[in-house]
file input.csv (CSV, C-alpha atoms)
chain,number,residue,atom,x,y,z
A,273,MET,CA,-0.5,12.0,16.2
A,274,GLU,CA,0.4,14.6,13.6
A,275,SER,CA,2.3,13.7,10.5
A,276,ALA,CA,5.0,16.1,9.6
A,277,GLU,CA,3.8,15.9,6.0
A,278,ASN,CA,0.3,17.3,6.6
A,279,GLN,CA,-0.3,20.8,5.4
A,280,THR,CA,-3.2,23.2,5.6
A,281,PRO,CA,-5.6,22.2,2.8
A,282,GLU,CA,-5.5,24.2,-0.3
A,283,PRO,CA,-8.6,25.0,-2.4
A,284,GLU,CA,-10.0,21.9,-4.2
A,285,LEU,CA,-8.2,22.0,-7.5
A,286,VAL,CA,-8.7,18.4,-8.6
A,287,ALA,CA,-11.3,15.8,-7.5
A,288,GLY,CA,-10.6,14.2,-4.2
A,289,PHE,CA,-7.1,15.8,-3.7
A,290,SER,CA,-6.4,18.9,-1.7
A,291,SER,CA,-3.4,19.8,-3.8
A,292,ILE,CA,-1.3,18.9,-6.8
A,293,ARG,CA,1.4,17.8,-4.4
A,294,GLU,CA,-0.9,15.3,-2.8
A,295,ARG,CA,-2.0,13.9,-6.1
A,296,THR,CA,1.6,13.5,-7.3
A,297,ILE,CA,2.5,11.7,-4.2
A,298,ALA,CA,-0.5,9.4,-4.5
A,299,GLU,CA,-0.1,8.6,-8.2
A,300,ASN,CA,3.5,7.6,-7.7
A,301,SER,CA,2.8,5.0,-5.0
A,302,LEU,CA,0.5,2.2,-4.1
A,303,VAL,CA,-1.7,4.6,-2.0
A,304,ILE,CA,-3.7,5.1,-5.3
A,305,LEU,CA,-5.0,1.5,-4.8
A,306,LEU,CA,-6.2,2.3,-1.3
A,307,GLN,CA,-8.0,5.3,-2.7
A,308,GLY,CA,-9.8,3.0,-5.0
A,309,LEU,CA,-11.1,1.2,-1.9
A,310,GLN,CA,-13.3,4.2,-1.0
A,311,GLY,CA,-16.8,3.0,-0.2
A,312,GLN,CA,-15.8,-0.6,0.5
A,313,VAL,CA,-15.7,-2.4,3.8
A,314,THR,CA,-12.2,-3.4,4.8
A,315,THR,CA,-10.2,-4.2,7.8
A,316,VAL,CA,-7.2,-2.0,8.7
A,317,ASP,CA,-4.6,-3.5,11.0
A,318,LEU,CA,-3.0,-0.8,13.0
A,319,ARG,CA,0.6,-0.5,14.3
A,320,ASP,CA,-0.5,-1.0,17.8
A,321,GLU,CA,-1.9,-4.4,16.9
A,322,SER,CA,-5.5,-3.3,17.1
A,323,THR,CA,-7.8,-3.7,14.1
A,324,ALA,CA,-10.6,-1.6,12.7
A,325,ARG,CA,-13.2,-2.9,10.3
A,326,GLY,CA,-15.5,-0.5,8.5
A,327,HIS,CA,-16.4,1.5,5.4
A,328,VAL,CA,-13.5,3.4,3.9
A,329,VAL,CA,-14.6,7.0,3.6
A,330,ASN,CA,-11.4,8.6,2.4
A,331,VAL,CA,-7.7,7.8,2.0
A,332,ASP,CA,-5.3,10.6,1.3
A,333,ALA,CA,-1.8,10.6,-0.2
A,334,PHE,CA,-0.2,10.1,3.3
A,335,MET,CA,-2.3,7.0,3.9
A,336,ASN,CA,-4.4,8.7,6.5
A,337,ILE,CA,-7.7,6.7,6.5
A,338,ARG,CA,-11.1,7.8,7.5
A,339,LEU,CA,-13.5,5.0,8.3
A,340,LYS,CA,-17.2,5.0,9.3
A,341,LYS,CA,-19.4,2.5,11.1
A,342,VAL,CA,-16.3,0.9,12.5
A,343,LEU,CA,-15.9,-2.1,14.7
A,344,HIS,CA,-12.6,-1.6,16.5
A,345,ARG,CA,-10.9,-4.5,18.2
A,346,ASP,CA,-8.1,-3.5,20.5
A,347,ARG,CA,-5.0,-5.6,21.1
A,348,ARG,CA,-6.8,-7.4,23.9
A,349,GLY,CA,-9.7,-8.2,21.8
A,350,ARG,CA,-12.2,-5.8,23.3
A,351,LEU,CA,-14.7,-4.6,20.8
A,352,THR,CA,-15.9,-1.0,20.4
A,353,GLN,CA,-18.4,0.4,17.9
A,354,LEU,CA,-17.4,3.7,16.4
A,355,GLU,CA,-19.3,5.9,14.0
A,356,ASP,CA,-16.2,7.6,12.7
A,357,LEU,CA,-12.5,6.7,12.9
A,358,PHE,CA,-9.5,8.6,11.6
A,359,VAL,CA,-6.3,6.6,11.4
A,360,THR,CA,-3.0,8.4,10.8
A,361,GLY,CA,-1.0,7.0,7.9
A,362,ARG,CA,1.9,6.2,10.1
A,363,ASN,CA,-0.2,4.0,12.3
A,364,VAL,CA,-1.4,1.7,9.5
A,365,ARG,CA,0.3,-1.7,9.3
A,366,TYR,CA,-1.9,-3.6,6.9
A,367,VAL,CA,-5.0,-3.0,4.9
A,368,HIS,CA,-7.0,-6.1,4.0
A,369,ILE,CA,-8.1,-5.9,0.4
A,370,PRO,CA,-11.6,-7.3,-0.3
A,371,ASP,CA,-11.5,-10.6,-2.3
A,372,HIS,CA,-13.7,-9.3,-5.1
A,373,MET,CA,-11.4,-6.4,-6.0
A,374,ASP,CA,-9.4,-6.3,-9.1
A,375,ILE,CA,-6.2,-4.5,-8.3
A,376,MET,CA,-5.2,-3.5,-11.9
A,377,GLU,CA,-8.7,-2.2,-12.7
A,378,THR,CA,-8.9,-0.2,-9.5
A,379,ILE,CA,-5.6,1.5,-10.0
A,380,GLN,CA,-6.3,2.2,-13.7
A,381,GLY,CA,-9.7,3.5,-12.8
A,382,GLN,CA,-8.2,5.9,-10.2
A,383,LEU,CA,-5.6,7.1,-12.6
A,384,ALA,CA,-8.2,7.6,-15.3
A,385,LYS,CA,-10.3,9.6,-12.9
A,386,SER,CA,-7.6,12.0,-12.1
A,387,HIS,CA,-6.6,12.3,-15.8
A,388,ARG,CA,-10.1,13.1,-16.8
A,389,VAL,CA,-10.4,15.8,-14.2
A,390,ARG,CA,-7.0,17.2,-15.3
A,391,ASN,CA,-8.1,17.5,-18.9
A,392,PHE,CA,-11.5,18.9,-17.9
A,393,ALA,CA,-9.8,21.7,-15.9
A,394,GLY,CA,-9.3,23.7,-19.1
A,395,GLY,CA,-6.1,22.2,-20.3
A,396,ARG,CA,-4.0,23.9,-17.8
A,397,LYS,CA,-0.4,24.2,-19.0
A,398,GLU,CA,1.2,23.3,-15.7
A,399,TYR,CA,-0.1,19.7,-16.0
A,400,ALA,CA,0.9,19.1,-19.6
A,401,LYS,CA,4.7,18.9,-19.4
A,402,LYS,CA,6.3,18.4,-22.7
A,403,LYS,CA,9.0,15.9,-23.4
A,404,SER,CA,12.4,17.7,-23.4
B,20,MET,CA,16.2,15.5,-15.9
B,21,GLU,CA,14.4,12.2,-16.7
B,22,THR,CA,11.9,12.6,-19.5
B,23,GLU,CA,8.3,11.9,-18.8
B,24,ALA,CA,7.4,8.5,-17.6
B,25,SER,CA,4.5,6.8,-19.4
B,26,ILE,CA,2.8,3.7,-18.3
B,27,ILE,CA,4.0,1.0,-20.6
B,28,THR,CA,1.7,-2.0,-20.9
B,29,SER,CA,0.9,-4.5,-23.5
B,30,LEU,CA,-2.8,-4.0,-23.1
B,31,PRO,CA,-4.6,-0.9,-24.3
B,32,LEU,CA,-5.4,1.3,-21.4
B,33,GLY,CA,-8.1,3.5,-22.8
B,34,PHE,CA,-6.8,6.7,-21.3
B,35,PRO,CA,-3.8,8.9,-22.2
B,36,THR,CA,-0.5,7.9,-20.7
B,37,CYS,CA,0.5,10.1,-17.9
B,38,LEU,CA,2.5,13.2,-18.5
B,39,PHE,CA,4.5,13.3,-15.4
B,40,GLU,CA,8.2,14.0,-15.5
B,41,LEU,CA,8.6,11.7,-12.6
B,42,LYS,CA,9.3,8.0,-12.7
B,43,MET,CA,6.3,5.9,-12.2
B,44,HIS,CA,7.4,3.6,-9.5
B,45,ILE,CA,4.4,1.2,-9.4
B,46,TYR,CA,5.3,-2.2,-10.6
B,47,LEU,CA,2.5,-4.7,-11.2
B,48,LYS,CA,2.6,-8.0,-12.9
B,49,ARG,CA,-0.6,-9.6,-13.9
B,50,GLN,CA,-0.1,-12.8,-15.9
B,51,GLN,CA,2.5,-11.8,-18.4
B,52,MET,CA,1.9,-8.0,-18.5
B,53,LEU,CA,4.4,-5.7,-16.9
B,54,PHE,CA,2.8,-2.4,-15.8
B,55,CYS,CA,5.8,-0.1,-15.2
B,56,CYS,CA,7.9,2.4,-16.9
B,57,THR,CA,11.6,1.8,-16.3
B,58,THR,CA,14.3,-0.1,-18.1
B,59,ASN,CA,14.5,-3.9,-18.1
B,60,THR,CA,18.0,-4.1,-16.6
B,61,VAL,CA,18.7,-4.3,-12.9
B,62,GLU,CA,20.0,-0.9,-11.9
B,63,GLU,CA,19.2,-0.3,-8.3
B,64,PRO,CA,18.2,-2.5,-5.3
B,65,LEU,CA,14.5,-2.0,-6.0
B,66,ASP,CA,15.0,-3.6,-9.3
B,67,LEU,CA,15.9,-6.8,-7.5
B,68,ILE,CA,12.5,-6.9,-6.0
B,69,ARG,CA,11.0,-6.4,-9.4
B,70,LEU,CA,12.5,-9.7,-10.4
B,71,SER,CA,10.3,-11.3,-7.7
B,72,LEU,CA,7.0,-9.9,-9.0
B,73,ASP,CA,4.4,-12.6,-9.1
B,74,GLU,CA,6.6,-15.0,-7.2
B,75,ARG,CA,6.3,-16.1,-3.6
B,76,ILE,CA,8.5,-14.1,-1.3
B,77,TYR,CA,9.4,-13.9,2.3
B,78,VAL,CA,9.1,-10.5,4.0
B,79,LYS,CA,10.6,-9.8,7.4
B,80,MET,CA,8.8,-7.0,9.2
B,81,ARG,CA,9.3,-5.1,12.4
B,82,ASN,CA,7.9,-6.4,15.7
B,83,ASP,CA,8.9,-10.0,15.0
B,84,ARG,CA,6.6,-10.5,12.1
B,85,GLU,CA,7.1,-12.4,8.9
B,86,LEU,CA,5.0,-12.7,5.9
B,87,ARG,CA,5.0,-15.3,3.2
B,88,GLY,CA,3.0,-14.5,0.1
B,89,ARG,CA,2.9,-13.8,-3.6
B,90,LEU,CA,4.1,-10.4,-4.5
B,91,HIS,CA,1.6,-8.7,-6.8
B,92,ALA,CA,2.8,-5.1,-6.6
B,93,TYR,CA,5.2,-2.8,-4.8
B,94,ASP,CA,6.4,0.8,-4.8
B,95,GLN,CA,9.4,2.8,-3.8
B,96,HIS,CA,8.3,2.9,-0.2
B,97,LEU,CA,8.1,-0.9,-0.2
B,98,ASN,CA,4.3,-0.7,0.2
B,99,MET,CA,3.4,-4.1,-1.1
B,100,ILE,CA,0.4,-6.0,-2.2
B,101,LEU,CA,0.7,-9.7,-1.3
B,102,GLY,CA,-1.7,-12.4,-2.2
B,103,ASP,CA,-2.3,-15.7,-0.3
B,104,VAL,CA,-0.2,-14.4,2.6
B,105,GLU,CA,0.6,-16.2,5.8
B,106,GLU,CA,1.6,-13.9,8.6
B,107,THR,CA,3.7,-15.3,11.5
B,108,VAL,CA,4.0,-13.4,14.7
B,109,THR,CA,6.7,-14.6,17.1
B,110,THR,CA,6.5,-13.9,20.8
B,111,VAL,CA,8.8,-14.8,23.6
B,112,GLU,CA,7.3,-15.8,26.9
B,113,ILE,CA,9.5,-16.2,29.9
B,114,ASP,CA,8.5,-19.0,32.3
B,115,GLU,CA,8.2,-17.4,35.7
B,116,GLU,CA,9.8,-20.3,37.6
B,117,THR,CA,12.5,-21.7,35.3
B,118,TYR,CA,13.1,-18.4,33.5
B,119,GLU,CA,13.4,-20.2,30.3
B,120,GLU,CA,12.4,-18.5,27.1
B,121,LEU,CA,9.4,-20.0,25.3
B,122,TYR,CA,9.2,-19.0,21.6
B,123,LYS,CA,5.6,-19.0,20.4
B,124,SER,CA,4.5,-18.2,16.9
B,125,THR,CA,1.0,-17.3,15.8
B,126,LYS,CA,0.0,-17.7,12.2
B,127,ARG,CA,-2.9,-16.4,10.2
B,128,ASN,CA,-3.8,-16.4,6.5
B,129,ILE,CA,-5.1,-13.5,4.6
B,130,PRO,CA,-6.1,-13.7,0.9
B,131,MET,CA,-5.0,-10.3,-0.2
B,132,LEU,CA,-3.1,-7.8,1.9
B,133,PHE,CA,-1.7,-4.3,1.5
B,134,VAL,CA,1.4,-3.8,3.5
B,135,ARG,CA,2.7,-0.4,4.5
B,136,GLY,CA,6.3,-0.1,3.6
B,137,ASP,CA,7.7,1.4,6.8
B,138,GLY,CA,7.1,-1.9,8.5
B,139,VAL,CA,9.2,-3.9,6.1
B,140,VAL,CA,12.7,-4.9,7.1
B,141,LEU,CA,13.7,-7.2,4.3
B,142,VAL,CA,12.4,-9.0,1.3
B,143,ALA,CA,13.8,-12.3,0.1
B,144,PRO,CA,12.8,-15.5,-1.8
B,145,PRO,CA,11.0,-17.9,0.5
B,146,LEU,CA,13.4,-19.7,2.9
B,147,ARG,CA,14.0,-23.3,2.1
B,148,VAL,CA,14.6,-24.4,5.7
B,149,GLY,CA,11.6,-24.3,8.1
call {"tool": "encode", "arguments": {"input": "input.csv", "output": "structure tokens"}}
result
Amino acid sequence: MESAENQTPEPELVAGFSSIRERTIAENSLVILLQGLQGQVTTVDLRDESTARGHVVNVDAFMNIRLKKVLHRDRRGRLTQLEDLFVTGRNVRYVHIPDHMDIMETIQGQLAKSHRVRNFAGGRKEYAKKKS
Amino acid sequence: METEASIITSLPLGFPTCLFELKMHIYLKRQQMLFCCTTNTVEEPLDLIRLSLDERIYVKMRNDRELRGRLHAYDQHLNMILGDVEETVTTVEIDEETYEELYKSTKRNIPMLFVRGDGVVLVAPPLRVG
């Protein structure tokens, strides 16, 4: 299923994000926490009442999630092993957060990462908006 | 146009506050720290949810689901992070012979859950009556 918000990827301007637009969307919502989950094993409950448990490869600003080494359980309980699974953001119902994760630290870490990249990218004026 | 929104927190963050000209709509409460950048008054309906941060809440969701848990964070889409959450799924089964409706509910407990906002119907303090 295609999300209306998806766009053709622009050149990599900042780490992990395809565009400034995506980064803005992500930094202004809780998706930034999901992006901090990259590399962890979690369970994603889908809208169709199936679940997928695996390593989070990537989460974008639209909550599209890419998982690898996945155990997919459909609504009837049938298990399927999958090497790679892409879930559209719209189809996510829940994401289980691993117990050991500190939410504040993860979000702060994610924001720090994007700020570091921003400052590293030669102090581009478009990012540094002055107070009016 | 709203001036830039900086992340206001009582703890030192260790990185420069963000320079966006947009409002930071992430509200987190950890112990006594408020991690947000808006006023303290209740101005819009989302501010009412802010009052419930770190409290137990009841969330009614689509597809006959209910969640009861502690609200740790939310955003403008009503994506939420709930802790110690109990999910109740209610199903109706129709008895073939008598045609009476049997309401069944299934519960499960999840320690920490991220909920996507488009499934949320309403948010309320926990109901007193069963």
call {"tool": "residues_around", "arguments": {"input": "input.csv", "residues": "Ile129 (chain B)", "least_positions_apart": "5", "cutoff": "7 Å", "atoms": "all atoms listed in the file", "output": "PyMOL selection string"}}
result
chain B and resi 103-105
call {"tool": "closest_residue", "arguments": {"input": "input.csv", "among": "A:Leu302, A:Val342, A:Val328, A:Ile292", "to": "chain B", "atoms": "all atoms listed in the file"}}
result
A:Leu302
call {"tool": "closest_atom_pairs", "arguments": {"input": "input.csv", "of": "chain A", "to": "chain B", "cutoff": "10 Å", "atoms": "all atoms listed in the file", "output": "CSV"}}
result
residue,atom,partner,partner_atom,distance
A:Thr296,CA,B:Phe39,CA,8.6
A:Glu299,CA,B:Met43,CA,8.0
A:Asn300,CA,B:Met43,CA,5.6
A:Ser301,CA,B:Asp94,CA,5.5
A:Leu302,CA,B:Asp94,CA,6.1
A:Val303,CA,B:Asn98,CA,8.3
A:Ile304,CA,B:Ile45,CA,9.9
A:Leu305,CA,B:Phe133,CA,9.2
A:Leu306,CA,B:Phe133,CA,8.5
A:Thr315,CA,B:Leu132,CA,9.9
A:Val316,CA,B:Phe133,CA,9.3
A:Asp317,CA,B:Val134,CA,9.6
A:Arg319,CA,B:Gly138,CA,8.8
A:Met335,CA,B:Arg135,CA,9.0
A:Gly361,CA,B:Arg135,CA,8.9
A:Arg362,CA,B:Asp137,CA,8.2
A:Asn363,CA,B:Arg135,CA,9.4
A:Val364,CA,B:Arg135,CA,6.8
A:Arg365,CA,B:Arg135,CA,5.5
A:Tyr366,CA,B:Val134,CA,4.7
A:Val367,CA,B:Phe133,CA,4.9
A:His368,CA,B:Leu132,CA,4.7
A:Ile369,CA,B:Met131,CA,5.4
A:Pro370,CA,B:Met131,CA,7.3
A:Asp371,CA,B:Met131,CA,6.8
A:Met373,CA,B:Met131,CA,9.5
A:Ile375,CA,B:His91,CA,9.0
A:Met376,CA,B:Leu47,CA,7.8
A:Glu377,CA,B:Leu32,CA,9.9
A:Gln380,CA,B:Leu32,CA,7.8
A:Gly381,CA,B:Phe34,CA,9.5
A:Leu383,CA,B:Cys37,CA,8.6
A:Ala384,CA,B:Phe34,CA,6.2
A:Lys385,CA,B:Phe34,CA,9.6
A:His387,CA,B:Cys37,CA,7.7
A:Arg388,CA,B:Phe34,CA,8.5
A:Tyr399,CA,B:Leu38,CA,7.4
A:Ala400,CA,B:Leu38,CA,6.2
A:Lys401,CA,B:Leu38,CA,6.2
A:Lys402,CA,B:Leu38,CA,7.7
A:Lys403,CA,B:Thr22,CA,5.9
A:Ser404,CA,B:Thr22,CA,6.4
call {"tool": "atom_distance", "arguments": {"input": "input.csv", "atom1": "CA of Asp346 (chain A)", "atom2": "CA of Met80 (chain B)"}}
result
20.6 Å
call {"tool": "atom_distance", "arguments": {"input": "input.csv", "atom1": "CA of Ser386 (chain A)", "atom2": "CA of Val359 (chain A)"}}
result
24.1 Å
call {"tool": "atom_distance", "arguments": {"input": "input.csv", "atom1": "CA of Pro145 (chain B)", "atom2": "CA of Val61 (chain B)"}}
result
20.6 Å
call {"tool": "build_atoms", "arguments": {"input": "input.csv", "residues": "region 123-137 of chain B", "atoms": "N, CA, C and O atoms", "output": "mmCIF file, in the coordinates of the input"}}
result
data_model
loop_
_atom_site.group_PDB
_atom_site.id
_atom_site.type_symbol
_atom_site.label_atom_id
_atom_site.label_comp_id
_atom_site.auth_asym_id
_atom_site.auth_seq_id
_atom_site.Cartn_x
_atom_site.Cartn_y
_atom_site.Cartn_z
ATOM 1 N N LYS B 123 6.913 -18.576 20.960
ATOM 2 C CA LYS B 123 5.600 -19.000 20.400
ATOM 3 C C LYS B 123 5.396 -18.236 19.107
ATOM 4 O O LYS B 123 5.705 -17.045 19.006
ATOM 5 N N SER B 124 4.832 -18.915 18.121
ATOM 6 C CA SER B 124 4.500 -18.200 16.900
ATOM 7 C C SER B 124 3.001 -18.389 16.593
ATOM 8 O O SER B 124 2.464 -19.482 16.747
ATOM 9 N N THR B 125 2.387 -17.295 16.169
ATOM 10 C CA THR B 125 1.000 -17.300 15.800
ATOM 11 C C THR B 125 0.890 -17.065 14.302
ATOM 12 O O THR B 125 1.504 -16.135 13.813
ATOM 13 N N LYS B 126 0.140 -17.886 13.626
ATOM 14 C CA LYS B 126 0.000 -17.700 12.200
ATOM 15 C C LYS B 126 -1.409 -17.350 11.819
ATOM 16 O O LYS B 126 -2.351 -17.790 12.477
ATOM 17 N N ARG B 127 -1.538 -16.564 10.759
ATOM 18 C CA ARG B 127 -2.900 -16.400 10.200
ATOM 19 C C ARG B 127 -2.761 -16.192 8.701
ATOM 20 O O ARG B 127 -1.725 -15.753 8.199
ATOM 21 N N ASN B 128 -3.825 -16.535 7.990
ATOM 22 C CA ASN B 128 -3.800 -16.400 6.500
ATOM 23 C C ASN B 128 -4.766 -15.338 6.087
ATOM 24 O O ASN B 128 -5.871 -15.195 6.599
ATOM 25 N N ILE B 129 -4.271 -14.568 5.126
ATOM 26 C CA ILE B 129 -5.100 -13.500 4.600
ATOM 27 C C ILE B 129 -5.024 -13.563 3.062
ATOM 28 O O ILE B 129 -3.939 -13.689 2.502
ATOM 29 N N PRO B 130 -6.154 -13.528 2.368
ATOM 30 C CA PRO B 130 -6.100 -13.700 0.900
ATOM 31 C C PRO B 130 -5.436 -12.605 0.144
ATOM 32 O O PRO B 130 -4.693 -12.873 -0.790
ATOM 33 N N MET B 131 -5.668 -11.347 0.536
ATOM 34 C CA MET B 131 -5.000 -10.300 -0.200
ATOM 35 C C MET B 131 -4.736 -9.133 0.784
ATOM 36 O O MET B 131 -5.635 -8.635 1.450
ATOM 37 N N LEU B 132 -3.472 -8.742 0.833
ATOM 38 C CA LEU B 132 -3.100 -7.800 1.900
ATOM 39 C C LEU B 132 -2.250 -6.662 1.309
ATOM 40 O O LEU B 132 -1.367 -6.865 0.483
ATOM 41 N N PHE B 133 -2.555 -5.452 1.759
ATOM 42 C CA PHE B 133 -1.700 -4.300 1.500
ATOM 43 C C PHE B 133 -0.835 -4.064 2.665
ATOM 44 O O PHE B 133 -1.324 -3.921 3.776
ATOM 45 N N VAL B 134 0.475 -4.003 2.436
ATOM 46 C CA VAL B 134 1.400 -3.800 3.500
ATOM 47 C C VAL B 134 2.060 -2.468 3.427
ATOM 48 O O VAL B 134 2.573 -2.095 2.370
ATOM 49 N N ARG B 135 2.048 -1.718 4.508
ATOM 50 C CA ARG B 135 2.700 -0.400 4.500
ATOM 51 C C ARG B 135 4.195 -0.565 4.572
ATOM 52 O O ARG B 135 4.707 -1.312 5.414
ATOM 53 N N GLY B 136 4.890 0.143 3.721
ATOM 54 C CA GLY B 136 6.300 -0.100 3.600
ATOM 55 C C GLY B 136 7.192 0.215 4.764
ATOM 56 O O GLY B 136 8.270 -0.371 4.888
ATOM 57 N N ASP B 137 6.732 1.080 5.670
ATOM 58 C CA ASP B 137 7.700 1.400 6.800
ATOM 59 C C ASP B 137 7.808 0.289 7.766
ATOM 60 O O ASP B 137 8.698 0.324 8.608
#
